Every structure is written in structure tokens, then in C-alpha cells.
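Coordinates from protein34.pdb are shown below (PDB, C-alpha atoms).
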```pdb
ATOM      1  CA  MET A   1       0.000   0.000   0.000
ATOM      2  CA  PRO A   2       1.366   3.480  -0.790
ATOM      3  CA  ALA A   3       2.715   5.340   2.221
ATOM      4  CA  ASP A   4       0.154   8.123   1.898
ATOM      5  CA  ASP A   5      -2.733   5.631   2.117
ATOM      6  CA  GLN A   6      -1.191   4.280   5.304
ATOM      7  CA  GLY A   7      -1.034   7.834   6.626
ATOM      8  CA  LEU A   8      -4.669   8.435   5.759
ATOM      9  CA  ILE A   9      -5.646   5.310   7.653
ATOM     10  CA  ARG A  10      -3.576   6.328  10.676
ATOM     11  CA  ARG A  11      -5.299   9.715  10.773
ATOM     12  CA  ARG A  12      -8.773   8.150  10.594
ATOM     13  CA  ARG A  13      -8.715   5.350  13.141
ATOM     14  CA  ARG A  14     -12.156   6.351  14.428
ATOM     15  CA  THR A  15     -13.763   5.373  11.107
ATOM     16  CA  PRO A  16     -12.771   1.705  10.556
ATOM     17  CA  VAL A  17     -15.444   1.088   7.942
ATOM     18  CA  ALA A  18     -14.163   3.954   5.786
ATOM     19  CA  GLN A  19     -10.618   2.667   6.248
ATOM     20  CA  ALA A  20     -11.620  -0.791   5.096
ATOM     21  CA  LEU A  21     -13.591   0.457   2.117
ATOM     22  CA  LEU A  22     -10.596   2.530   1.058
ATOM     23  CA  LEU A  23      -8.464  -0.595   1.168
ATOM     24  CA  LEU A  24     -10.787  -2.886  -0.732
ATOM     25  CA  ALA A  25     -11.924  -0.334  -3.325
ATOM     26  CA  GLY A  26      -8.407   0.926  -3.950
ATOM     27  CA  ILE A  27      -7.516  -2.567  -5.101
ATOM     28  CA  ALA A  28     -10.746  -3.630  -6.738
ATOM     29  CA  LEU A  29     -11.149  -0.532  -8.900
ATOM     30  CA  GLN A  30      -7.840  -1.444 -10.524
ATOM     31  CA  ALA A  31      -9.371  -4.690 -11.839
ATOM     32  CA  PRO A  32     -11.077  -3.276 -14.959
ATOM     33  CA  ALA A  33      -7.934  -1.309 -15.724
ATOM     34  CA  GLN A  34      -5.919  -4.500 -15.987
ATOM     35  CA  GLU A  35      -5.017  -4.788 -19.650
ATOM     36  CA  LEU A  36      -5.854  -7.821 -21.771
ATOM     37  CA  GLU A  37      -4.943  -6.860 -25.322
ATOM     38  CA  PRO A  38      -4.050  -9.773 -27.614
ATOM     39  CA  ARG A  39      -2.377  -9.088 -30.980
ATOM     40  CA  THR A  40      -1.189  -5.630 -29.998
ATOM     41  CA  TYR A  41       2.099  -6.222 -31.851
ATOM     42  CA  SER A  42       0.787  -8.344 -34.725
ATOM     43  CA  PRO A  43       1.634  -6.492 -37.961
ATOM     44  CA  ASN A  44      -0.951  -4.850 -40.219
ATOM     45  CA  PRO A  45      -0.636  -3.141 -43.623
ATOM     46  CA  VAL A  46       0.072   0.568 -43.781
ATOM     47  CA  GLY A  47      -3.148   2.567 -43.966
ATOM     48  CA  ALA A  48      -5.295   0.006 -42.146
ATOM     49  CA  ASN A  49      -7.997   1.448 -39.875
ATOM     50  CA  PHE A  50      -9.889  -0.293 -37.082
ATOM     51  CA  PHE A  51     -13.035   0.631 -35.173
ATOM     52  CA  VAL A  52     -13.618  -1.558 -32.101
ATOM     53  CA  VAL A  53     -16.451  -1.842 -29.583
ATOM     54  CA  GLY A  54     -15.720  -4.138 -26.651
ATOM     55  CA  TYR A  55     -17.262  -5.364 -23.423
ATOM     56  CA  SER A  56     -15.445  -6.943 -20.488
ATOM     57  CA  ARG A  57     -16.522  -8.263 -17.099
ATOM     58  CA  SER A  58     -14.105  -8.721 -14.193
ATOM     59  CA  THR A  59     -15.078 -10.629 -11.054
ATOM     60  CA  GLY A  60     -13.066 -11.884  -8.137
ATOM     61  CA  GLU A  61     -11.905 -11.610  -4.586
ATOM     62  CA  VAL A  62      -9.825  -8.998  -2.814
ATOM     63  CA  LEU A  63      -7.403 -10.853  -0.558
ATOM     64  CA  PHE A  64      -5.954  -9.700   2.776
ATOM     65  CA  GLU A  65      -3.630 -11.225   5.333
ATOM     66  CA  SER A  66      -5.356 -13.034   8.216
ATOM     67  CA  THR A  67      -4.652 -10.243  10.742
ATOM     68  CA  VAL A  68      -6.782  -7.725   8.789
ATOM     69  CA  PRO A  69     -10.473  -7.736   9.927
ATOM     70  CA  LEU A  70     -11.846  -7.943   6.367
ATOM     71  CA  SER A  71     -13.532 -10.981   4.862
ATOM     72  CA  ASP A  72     -15.618 -12.101   1.886
ATOM     73  CA  ILE A  73     -14.502  -9.110  -0.159
ATOM     74  CA  ASP A  74     -15.849  -9.524  -3.693
ATOM     75  CA  ALA A  75     -15.829  -7.195  -6.677
ATOM     76  CA  GLU A  76     -17.618  -7.160 -10.001
ATOM     77  CA  PHE A  77     -16.864  -4.606 -12.699
ATOM     78  CA  ASN A  78     -18.101  -4.130 -16.235
ATOM     79  CA  ALA A  79     -16.574  -1.974 -18.933
ATOM     80  CA  VAL A  80     -17.655  -0.947 -22.421
ATOM     81  CA  THR A  81     -14.907   0.511 -24.584
ATOM     82  CA  VAL A  82     -14.844   2.240 -27.953
ATOM     83  CA  ALA A  83     -11.537   2.464 -29.794
ATOM     84  CA  LEU A  84     -10.054   3.765 -33.045
ATOM     85  CA  GLU A  85      -6.712   2.532 -34.404
ATOM     86  CA  HIS A  86      -4.682   3.544 -37.459
ATOM     87  CA  THR A  87      -1.587   1.851 -38.925
ATOM     88  CA  PHE A  88       1.148   3.860 -40.656
ATOM     89  CA  GLY A  89       4.817   3.585 -41.605
ATOM     90  CA  ALA A  90       7.600   5.048 -39.442
ATOM     91  CA  PHE A  91      11.311   4.661 -40.313
ATOM     92  CA  GLY A  92      10.422   1.729 -42.547
ATOM     93  CA  ARG A  93       8.605  -0.103 -39.746
ATOM     94  CA  ALA A  94       4.885  -0.737 -39.188
ATOM     95  CA  ALA A  95       3.480   1.540 -36.465
ATOM     96  CA  ASN A  96       0.023   2.344 -35.155
ATOM     97  CA  VAL A  97      -1.804   4.785 -32.921
ATOM     98  CA  LEU A  98      -4.776   3.838 -30.738
ATOM     99  CA  VAL A  99      -7.352   6.031 -28.971
ATOM    100  CA  LEU A 100      -9.656   4.272 -26.484
ATOM    101  CA  ALA A 101     -12.544   5.554 -24.341
ATOM    102  CA  PRO A 102     -14.090   3.356 -21.589
ATOM    103  CA  TYR A 103     -17.269   3.459 -19.523
ATOM    104  CA  VAL A 104     -17.110   1.472 -16.264
ATOM    105  CA  TRP A 105     -19.696   0.345 -13.708
ATOM    106  CA  GLY A 106     -19.606  -2.168 -10.864
ATOM    107  CA  ASP A 107     -19.805  -3.096  -7.206
ATOM    108  CA  VAL A 108     -17.479  -3.934  -4.323
ATOM    109  CA  SER A 109     -18.921  -5.676  -1.249
ATOM    110  CA  GLY A 110     -17.676  -7.458   1.831
ATOM    111  CA  ASN A 111     -17.579  -7.749   5.595
ATOM    112  CA  VAL A 112     -15.762  -5.240   7.779
ATOM    113  CA  GLY A 113     -15.667  -7.025  11.115
ATOM    114  CA  GLU A 114     -19.338  -7.883  11.659
ATOM    115  CA  GLU A 115     -20.668  -5.170   9.330
ATOM    116  CA  ALA A 116     -21.560  -5.821   5.683
ATOM    117  CA  GLU A 117     -20.732  -2.997   3.284
ATOM    118  CA  SER A 118     -21.327  -2.402  -0.415
ATOM    119  CA  ILE A 119     -20.180   0.271  -2.884
ATOM    120  CA  THR A 120     -21.525   0.956  -6.384
ATOM    121  CA  ARG A 121     -19.881   3.197  -8.944
ATOM    122  CA  SER A 122     -20.422   4.006 -12.633
ATOM    123  CA  GLY A 123     -19.090   6.579 -15.034
ATOM    124  CA  PRO A 124     -16.594   7.298 -17.819
ATOM    125  CA  GLY A 125     -13.114   6.012 -17.149
ATOM    126  CA  ASP A 126      -9.824   7.645 -18.071
ATOM    127  CA  PRO A 127      -9.206   7.472 -21.845
ATOM    128  CA  ARG A 128      -6.113   5.803 -23.251
ATOM    129  CA  LEU A 129      -3.692   6.775 -26.012
ATOM    130  CA  ARG A 130      -1.118   4.285 -27.307
ATOM    131  CA  LEU A 131       1.648   4.569 -29.887
ATOM    132  CA  SER A 132       3.235   1.285 -31.034
ATOM    133  CA  ILE A 133       5.997   0.358 -33.479
ATOM    134  CA  ASN A 134       7.390  -2.983 -34.662
ATOM    135  CA  LEU A 135      11.133  -3.085 -34.038
ATOM    136  CA  ALA A 136      11.766  -6.429 -35.741
ATOM    137  CA  GLY A 137       9.737  -8.692 -38.047
ATOM    138  CA  GLY A 138       7.180  -6.016 -38.950
ATOM    139  CA  PRO A 139       8.264  -3.834 -41.875
ATOM    140  CA  ALA A 140       5.921  -1.208 -43.272
ATOM    141  CA  LEU A 141       4.042  -2.957 -46.108
ATOM    142  CA  THR A 142       1.332  -1.872 -48.508
ATOM    143  CA  PRO A 143      -1.879  -3.961 -48.487
ATOM    144  CA  ALA A 144      -0.715  -5.829 -51.626
ATOM    145  CA  GLU A 145       2.702  -6.580 -50.115
ATOM    146  CA  PHE A 146       1.149  -7.567 -46.804
ATOM    147  CA  ALA A 147      -1.168 -10.099 -48.489
ATOM    148  CA  HIS A 148       1.849 -12.063 -49.777
ATOM    149  CA  ARG A 149       4.012 -11.861 -46.686
ATOM    150  CA  LYS A 150       4.964 -14.906 -44.615
ATOM    151  CA  PRO A 151       4.044 -14.526 -40.904
ATOM    152  CA  THR A 152       7.116 -14.294 -38.721
ATOM    153  CA  THR A 153       8.095 -13.479 -35.156
ATOM    154  CA  THR A 154       7.770  -9.794 -34.337
ATOM    155  CA  LEU A 155       9.177  -7.612 -31.579
ATOM    156  CA  GLY A 156       7.317  -4.410 -30.788
ATOM    157  CA  ALA A 157       7.471  -1.473 -28.409
ATOM    158  CA  SER A 158       4.750   0.893 -27.265
ATOM    159  CA  LEU A 159       4.024   3.848 -25.030
ATOM    160  CA  THR A 160       0.573   4.172 -23.446
ATOM    161  CA  VAL A 161      -0.568   7.492 -21.976
ATOM    162  CA  VAL A 162      -3.650   7.779 -19.727
ATOM    163  CA  PRO A 163      -4.722  11.385 -19.058
ATOM    164  CA  PRO A 164      -6.921  12.201 -16.012
ATOM    165  CA  GLN A 165     -10.229  12.696 -17.843
ATOM    166  CA  GLY A 166     -12.407  10.061 -16.144
ATOM    167  CA  GLN A 167     -15.156  10.664 -13.577
ATOM    168  CA  TYR A 168     -13.616  12.026 -10.388
ATOM    169  CA  ASP A 169     -14.859  13.885  -7.305
ATOM    170  CA  SER A 170     -12.351  14.691  -4.550
ATOM    171  CA  THR A 171     -15.156  14.666  -1.952
ATOM    172  CA  ARG A 172     -15.816  10.966  -2.671
ATOM    173  CA  LEU A 173     -13.621   8.225  -1.303
ATOM    174  CA  ILE A 174     -13.995   5.991  -4.356
ATOM    175  CA  ASN A 175     -13.920   7.164  -7.975
ATOM    176  CA  ILE A 176     -13.820   5.690 -11.466
ATOM    177  CA  GLY A 177     -11.099   8.092 -12.675
ATOM    178  CA  ALA A 178      -7.669   8.306 -11.059
ATOM    179  CA  ASN A 179      -7.091  12.099 -11.293
ATOM    180  CA  ARG A 180      -3.465  11.604 -12.325
ATOM    181  CA  TRP A 181      -1.437  10.922 -15.453
ATOM    182  CA  SER A 182      -0.240   7.380 -16.130
ATOM    183  CA  PHE A 183       2.434   6.195 -18.568
ATOM    184  CA  LYS A 184       3.352   2.687 -19.632
ATOM    185  CA  PRO A 185       6.385   1.797 -21.783
ATOM    186  CA  GLU A 186       6.163  -1.830 -22.948
ATOM    187  CA  LEU A 187       7.895  -4.472 -25.088
ATOM    188  CA  GLY A 188       5.980  -7.316 -26.736
ATOM    189  CA  VAL A 189       6.810 -10.475 -28.715
ATOM    190  CA  SER A 190       4.392 -12.184 -31.116
ATOM    191  CA  TYR A 191       5.179 -15.701 -32.376
ATOM    192  CA  PRO A 192       2.999 -17.341 -35.070
ATOM    193  CA  VAL A 193       2.522 -21.133 -35.014
ATOM    194  CA  GLY A 194       0.190 -22.200 -37.792
ATOM    195  CA  ARG A 195      -3.221 -20.689 -36.960
ATOM    196  CA  TRP A 196      -2.012 -19.785 -33.461
ATOM    197  CA  TYR A 197      -0.361 -16.605 -32.221
ATOM    198  CA  LEU A 198       1.600 -16.879 -28.954
ATOM    199  CA  GLU A 199       2.412 -13.539 -27.337
ATOM    200  CA  GLY A 200       4.103 -12.102 -24.281
ATOM    201  CA  TYR A 201       4.297  -8.450 -23.156
ATOM    202  CA  ALA A 202       6.240  -6.836 -20.317
ATOM    203  CA  GLY A 203       5.910  -3.223 -19.210
ATOM    204  CA  VAL A 204       5.780  -0.888 -16.234
ATOM    205  CA  TRP A 205       3.147   1.687 -15.220
ATOM    206  CA  LEU A 206       4.474   5.054 -14.024
ATOM    207  CA  PHE A 207       2.224   7.575 -12.253
ATOM    208  CA  THR A 208       2.141  11.244 -11.407
ATOM    209  CA  ASP A 209       0.722  12.305  -8.030
ATOM    210  CA  ASN A 210      -2.926  12.926  -7.207
ATOM    211  CA  ASP A 211      -3.048  16.274  -5.383
ATOM    212  CA  ALA A 212      -6.816  16.100  -4.767
ATOM    213  CA  PHE A 213      -7.320  12.740  -3.091
ATOM    214  CA  PHE A 214     -10.114  12.229  -0.531
ATOM    215  CA  GLY A 215      -9.624  14.189   2.692
ATOM    216  CA  GLY A 216      -7.091  16.603   1.180
ATOM    217  CA  VAL A 217      -4.432  13.886   1.030
ATOM    218  CA  HIS A 218      -1.557  14.029  -1.467
ATOM    219  CA  ARG A 219      -1.545  10.532  -2.971
ATOM    220  CA  GLU A 220       1.539   8.935  -4.519
ATOM    221  CA  GLN A 221       1.818   5.607  -6.315
ATOM    222  CA  ASP A 222       4.906   3.475  -6.836
ATOM    223  CA  PRO A 223       5.563   2.001 -10.308
ATOM    224  CA  VAL A 224       3.620  -1.168 -11.156
ATOM    225  CA  GLY A 225       5.198  -3.858 -13.326
ATOM    226  CA  ALA A 226       2.826  -5.785 -15.584
ATOM    227  CA  VAL A 227       3.071  -8.927 -17.724
ATOM    228  CA  GLN A 228       0.562 -10.247 -20.276
ATOM    229  CA  LEU A 229       0.412 -13.675 -21.928
ATOM    230  CA  HIS A 230      -1.869 -14.450 -24.878
ATOM    231  CA  ALA A 231      -2.700 -17.416 -27.085
ATOM    232  CA  SER A 232      -5.050 -16.687 -30.002
ATOM    233  CA  TYR A 233      -6.408 -18.958 -32.730
ATOM    234  CA  THR A 234      -7.520 -17.757 -36.169
ATOM    235  CA  PHE A 235     -10.614 -19.465 -37.594
ATOM    236  CA  ARG A 236     -10.611 -17.350 -40.755
ATOM    237  CA  PRO A 237      -9.456 -13.840 -41.687
ATOM    238  CA  ARG A 238     -10.714 -11.302 -39.096
ATOM    239  CA  LEU A 239     -12.256 -14.023 -36.878
ATOM    240  CA  TRP A 240     -10.146 -15.265 -33.985
ATOM    241  CA  PHE A 241     -10.388 -16.380 -30.365
ATOM    242  CA  ALA A 242      -7.909 -15.606 -27.566
ATOM    243  CA  ILE A 243      -7.061 -16.897 -24.100
ATOM    244  CA  ASP A 244      -5.355 -14.219 -22.030
ATOM    245  CA  SER A 245      -3.648 -13.773 -18.672
ATOM    246  CA  THR A 246      -2.204 -10.723 -16.919
ATOM    247  CA  TRP A 247      -0.133 -10.293 -13.769
ATOM    248  CA  SER A 248       1.118  -7.188 -11.980
ATOM    249  CA  GLU A 249       3.287  -6.377  -8.998
ATOM    250  CA  GLY A 250       3.980  -3.220  -7.064
ATOM    251  CA  ALA A 251       0.497  -1.820  -6.440
ATOM    252  CA  THR A 252       0.105  -3.121  -2.901
ATOM    253  CA  THR A 253       1.870  -5.016  -0.163
ATOM    254  CA  ARG A 254       0.395  -7.602   2.192
ATOM    255  CA  VAL A 255      -2.813  -7.513   0.149
ATOM    256  CA  GLY A 256      -3.800  -8.611  -3.337
ATOM    257  CA  GLY A 257      -6.524  -9.643  -5.719
ATOM    258  CA  ASP A 258      -7.601 -12.679  -7.678
ATOM    259  CA  PHE A 259      -9.732 -11.637 -10.664
ATOM    260  CA  ASP A 260     -11.112 -13.385 -13.721
ATOM    261  CA  THR A 261     -11.954 -11.340 -16.794
ATOM    262  CA  ILE A 262     -14.011 -12.307 -19.810
ATOM    263  CA  GLY A 263     -14.529 -10.042 -22.780
ATOM    264  CA  VAL A 264     -15.891  -9.834 -26.278
ATOM    265  CA  ALA A 265     -15.225  -7.307 -29.032
ATOM    266  CA  TRP A 266     -16.541  -6.408 -32.464
ATOM    267  CA  GLN A 267     -14.074  -4.920 -34.915
ATOM    268  CA  HIS A 268     -14.588  -3.219 -38.255
ATOM    269  CA  ALA A 269     -11.486  -2.796 -40.437
ATOM    270  CA  TRP A 270     -11.021  -0.905 -43.669
ATOM    271  CA  LEU A 271      -8.214   0.158 -45.994
ATOM    272  CA  PRO A 272      -7.849   3.362 -48.015
ATOM    273  CA  ARG A 273      -8.837   3.162 -51.662
TER
END
```
What is this structure when it is put down as C-alpha cells?
Amino acid sequence: MPADDQGLIRRRRRTPVAQALLLLAGIALQAPAQELEPRTYSPNPVGANFFVVGYSRSTGEVLFESTVPLSDIDAEFNAVTVALEHTFGAFGRAANVLVLAPYVWGDVSGNVGEEAESITRSGPGDPRLRLSINLAGGPALTPAEFAHRKPTTTLGASLTVVPPQGQYDSTRLINIGANRWSFKPELGVSYPVGRWYLEGYAGVWLFTDNDAFFGGVHREQDPVGAVQLHASYTFRPRLWFAIDSTWSEGATTRVGGDFDTIGVAWQHAWLPR
């Protein structure tokens, strides 16, 4: 847990329920923000455009050590996202830019000692901007050249920027938006095996401070490392299925979460004439 959250809890010992809800919601609200993005570094022809509408549902438990008087902490979050992506050439390599806007709603509930508590939130989340480029195995190709290429292993890099534009109210303990800037540099490998794509990404989230946290607290956040693993199978062009997993470390200590996420997306792609 960040040091400032510990300080907030120390200053509010007379409100144990609020302390507990801060703990459980601070973890659980990160669940829908966990990224599951298969084929981020799979190459596409220059000029390709994508419009995507997606839905995801995350459910799971928030876990605490046995000495903490919290139990049966469960969270359920839903998110609908709309995204636009465009592929272009940069220094002879395939690159793309993505703009994504989410809307999030969900609940966190559990027992604080002998009291049952529940929190519901909904609203627009922080948008996301991502710039990616293939460093190896993904040259910039026209649609005609791309159609005759042989799939090969690719290595890509990206930078994701999350500006503080989501729903936020400093008078509320729990918010959908984070009220701070976030940045994530990442490397990713994509390995084709027949109709399968096997992928692994590794990156780190970096955060600015939130100067308007609940109770007038200045909130800091340490960097959070994140890893994604994906296995996707192509049934036919533009129709594929993926199994995904993500893992992160650095957000909290002595506490954690165990979440399952399922999602579905519809994508429309088009090329310039």
C-alpha cells in the first residue's frame, strides 16, 4: 500500500469502515484497468484502420492477510470501450496509434468485522492513447505486399498514456477516474505457429501524483510492473479467439486480488482506396 494511504488510515482510526472500504476499493477498482490486449504487436498493412467496440466483465476476490479484519470481499466490474486505431509507416517499420474511451460500472462488497458494506460506482473512465511500433519482423508494407508476406516473429514497443479525464470527485472516497497521469512503456513479442499466435508483453506503469485525493491527502503511487500472456487462434481472416492472462506487482503489499476477466469485441477494419 502506498505510504500516503497508510497515513490516511492512521489519521482516521475512528472510522474503521471507511478505512476498510478505502483498502478494498483501492484494489478492486484497478481490476477493470488491468489490460488484456491480444495481438497488440501483430503487424498490419500501412493505412489500415480499425473501429472496435468491446465489453469486459471482471469478477473476483480482494485478498488480505489473516490479521486484517476484512472478509468475503468480492468485486464485479463491467466496462464498455470504444476504440479507433490507425496503422502507418515510421522509419520503414509498421506503427500504429490507438485512442480508447471506456465506460465502467460495478460493485465492491464485503464484511468489515461484523458489518456488511457495499459500494456501487459508474461513469466514464480515463481514456487511453497508445503509440506502437514494430522493431523487428514487422516492416511497413502496402496492403498488396502484406497479403503475400509470410508470418514471422515480431518484436514491438509501445508507449501508453492515460490522461486524467475520467469521472472524479475529490469529496468521494472511491472514484472511477484516477485524477493523475499514467504512462506505460512496454515491449511485446508475437510468435505465429500455424493458426495460433503466442504472445508475451512486459511493461511498467508510471504515475504522477494525485493532489486532490479524498480528505485533502496528497496521494503517490509506486511504479507497477505488468506482464501479459496471450494465445489466439484464427478461424478465418478477421475471426479469432484468444485466451489471455495478466499479472502485476507493485500496487500493494500484504494484500492482493484474484480476478477473472471475460470479454468480447466487435471490430470493423477498412483500408484506403
Report, as JSON, the centre and edge lengths in Å (one decimal) of the axis-aligned box enclosing every listed atom of stretch 224-232 of chain A, padded by 8 Å on each side.
```
{"center_x": 0.1, "center_y": -9.3, "center_z": -20.6, "size_x": 26.2, "size_y": 32.2, "size_z": 34.8}
```
Which residue, A:Ile73, A:Val162, A:Ile262, A:Leu84, has the smallest gap to A:Glu115 when you use only C-alpha atoms?
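The shortest atom-to-atom distance to A:Glu115 comes from A:Ile73.
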For A:Pro185, which residue among A:Phe207, A:Phe235, A:Trp247, A:Phe213 is the nearest when counting only C-alpha atoms?
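Smallest distance to A:Pro185 is found for A:Phe207.
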Please provide the set of residues having any atom within 10 Å of stretch 93-100 of chain A, restricted to only C-alpha atoms, with same-chain residues fewer than 4 positions apart removed, written as a PyMOL selection string.
chain A and resi 40-53+81-89+126-141+156-162
Interatomic distance between atom CA of A:Lys150 and atom CA of A:Val193?
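Atom CA of A:Val193 lies 11.7 Å from atom CA of A:Lys150.
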Shell around A:Arg57 at 10 Å using only C-alpha atoms, local window under 5 positions removed, as number ranges by chain:
A: 31-32, 76-80, 104-106, 259-264
Å distance separating atom CA of A:Leu239 from atom CA of A:Ser190, one decimal place
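Result for atom CA of A:Leu239 versus atom CA of A:Ser190: 17.7 Å, one decimal.
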For A:Arg236, which residue among A:Trp196, A:Arg219, A:Gly203, A:Leu271 is the nearest when counting only C-alpha atoms?
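Distance minimum relative to A:Arg236 lands on A:Trp196.
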Have a look at A:Ser182, A:Ser71, A:Thr142, A:Ser170 and name the one nearest to A:Glu117; count only C-alpha atoms.
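Of all the options, A:Ser71 lies closest to A:Glu117.
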Generate the coordinates of N, CA and C atoms for stretch 211-235 of chain A; report them as a CSV table (one decimal), keeping the file's coordinate frame.
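See rebuild-v2.csv below for the written result:
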```
chain,number,residue,atom,x,y,z
A,211,ASP,N,-3.1,15.2,-6.4
A,211,ASP,CA,-3.0,16.3,-5.4
A,211,ASP,C,-4.4,16.6,-4.8
A,212,ALA,N,-5.5,15.8,-5.3
A,212,ALA,CA,-6.8,16.1,-4.8
A,212,ALA,C,-7.5,14.8,-4.4
A,213,PHE,N,-6.8,14.0,-3.6
A,213,PHE,CA,-7.3,12.7,-3.1
A,213,PHE,C,-8.3,13.1,-1.9
A,214,PHE,N,-9.1,12.1,-1.6
A,214,PHE,CA,-10.1,12.2,-0.5
A,214,PHE,C,-9.5,12.7,0.8
A,215,GLY,N,-10.1,13.7,1.4
A,215,GLY,CA,-9.6,14.2,2.7
A,215,GLY,C,-8.5,15.1,2.6
A,216,GLY,N,-8.2,15.7,1.4
A,216,GLY,CA,-7.1,16.6,1.2
A,216,GLY,C,-5.7,15.9,1.2
A,217,VAL,N,-5.7,14.6,1.0
A,217,VAL,CA,-4.4,13.9,1.0
A,217,VAL,C,-3.7,14.0,-0.3
A,218,HIS,N,-2.4,14.1,-0.3
A,218,HIS,CA,-1.6,14.0,-1.5
A,218,HIS,C,-1.2,12.6,-1.7
A,219,ARG,N,-1.7,12.0,-2.8
A,219,ARG,CA,-1.5,10.5,-3.0
A,219,ARG,C,-0.5,10.3,-4.0
A,220,GLU,N,0.5,9.4,-3.6
A,220,GLU,CA,1.5,8.9,-4.5
A,220,GLU,C,1.3,7.5,-4.8
A,221,GLN,N,1.9,7.0,-5.9
A,221,GLN,CA,1.8,5.6,-6.3
A,221,GLN,C,3.2,5.1,-6.9
A,222,ASP,N,3.7,4.1,-6.3
A,222,ASP,CA,4.9,3.5,-6.8
A,222,ASP,C,4.7,2.9,-8.2
A,223,PRO,N,5.7,2.7,-9.0
A,223,PRO,CA,5.6,2.0,-10.3
A,223,PRO,C,5.0,0.6,-10.1
A,224,VAL,N,4.2,0.2,-11.2
A,224,VAL,CA,3.6,-1.2,-11.2
A,224,VAL,C,4.1,-1.9,-12.4
A,225,GLY,N,4.8,-3.0,-12.2
A,225,GLY,CA,5.2,-3.9,-13.3
A,225,GLY,C,4.0,-4.7,-13.8
A,226,ALA,N,3.9,-5.0,-15.1
A,226,ALA,CA,2.8,-5.8,-15.6
A,226,ALA,C,3.3,-6.7,-16.7
A,227,VAL,N,2.8,-7.9,-16.7
A,227,VAL,CA,3.1,-8.9,-17.7
A,227,VAL,C,1.8,-9.5,-18.3
A,228,GLN,N,1.7,-9.6,-19.6
A,228,GLN,CA,0.6,-10.2,-20.3
A,228,GLN,C,1.0,-11.4,-21.1
A,229,LEU,N,0.2,-12.5,-21.1
A,229,LEU,CA,0.4,-13.7,-21.9
A,229,LEU,C,-0.9,-13.9,-22.7
A,230,HIS,N,-0.7,-14.2,-24.0
A,230,HIS,CA,-1.9,-14.4,-24.9
A,230,HIS,C,-1.6,-15.6,-25.8
A,231,ALA,N,-2.7,-16.4,-26.1
A,231,ALA,CA,-2.7,-17.4,-27.1
A,231,ALA,C,-4.0,-17.2,-27.9
A,232,SER,N,-3.9,-16.9,-29.2
A,232,SER,CA,-5.0,-16.7,-30.0
A,232,SER,C,-5.0,-17.6,-31.2
A,233,TYR,N,-6.2,-18.0,-31.6
A,233,TYR,CA,-6.4,-19.0,-32.7
A,233,TYR,C,-7.3,-18.3,-33.8
A,234,THR,N,-6.8,-18.4,-35.1
A,234,THR,CA,-7.5,-17.8,-36.2
A,234,THR,C,-8.4,-18.8,-36.9
A,235,PHE,N,-9.7,-18.6,-36.9
A,235,PHE,CA,-10.6,-19.5,-37.6
A,235,PHE,C,-10.6,-19.1,-39.1
```
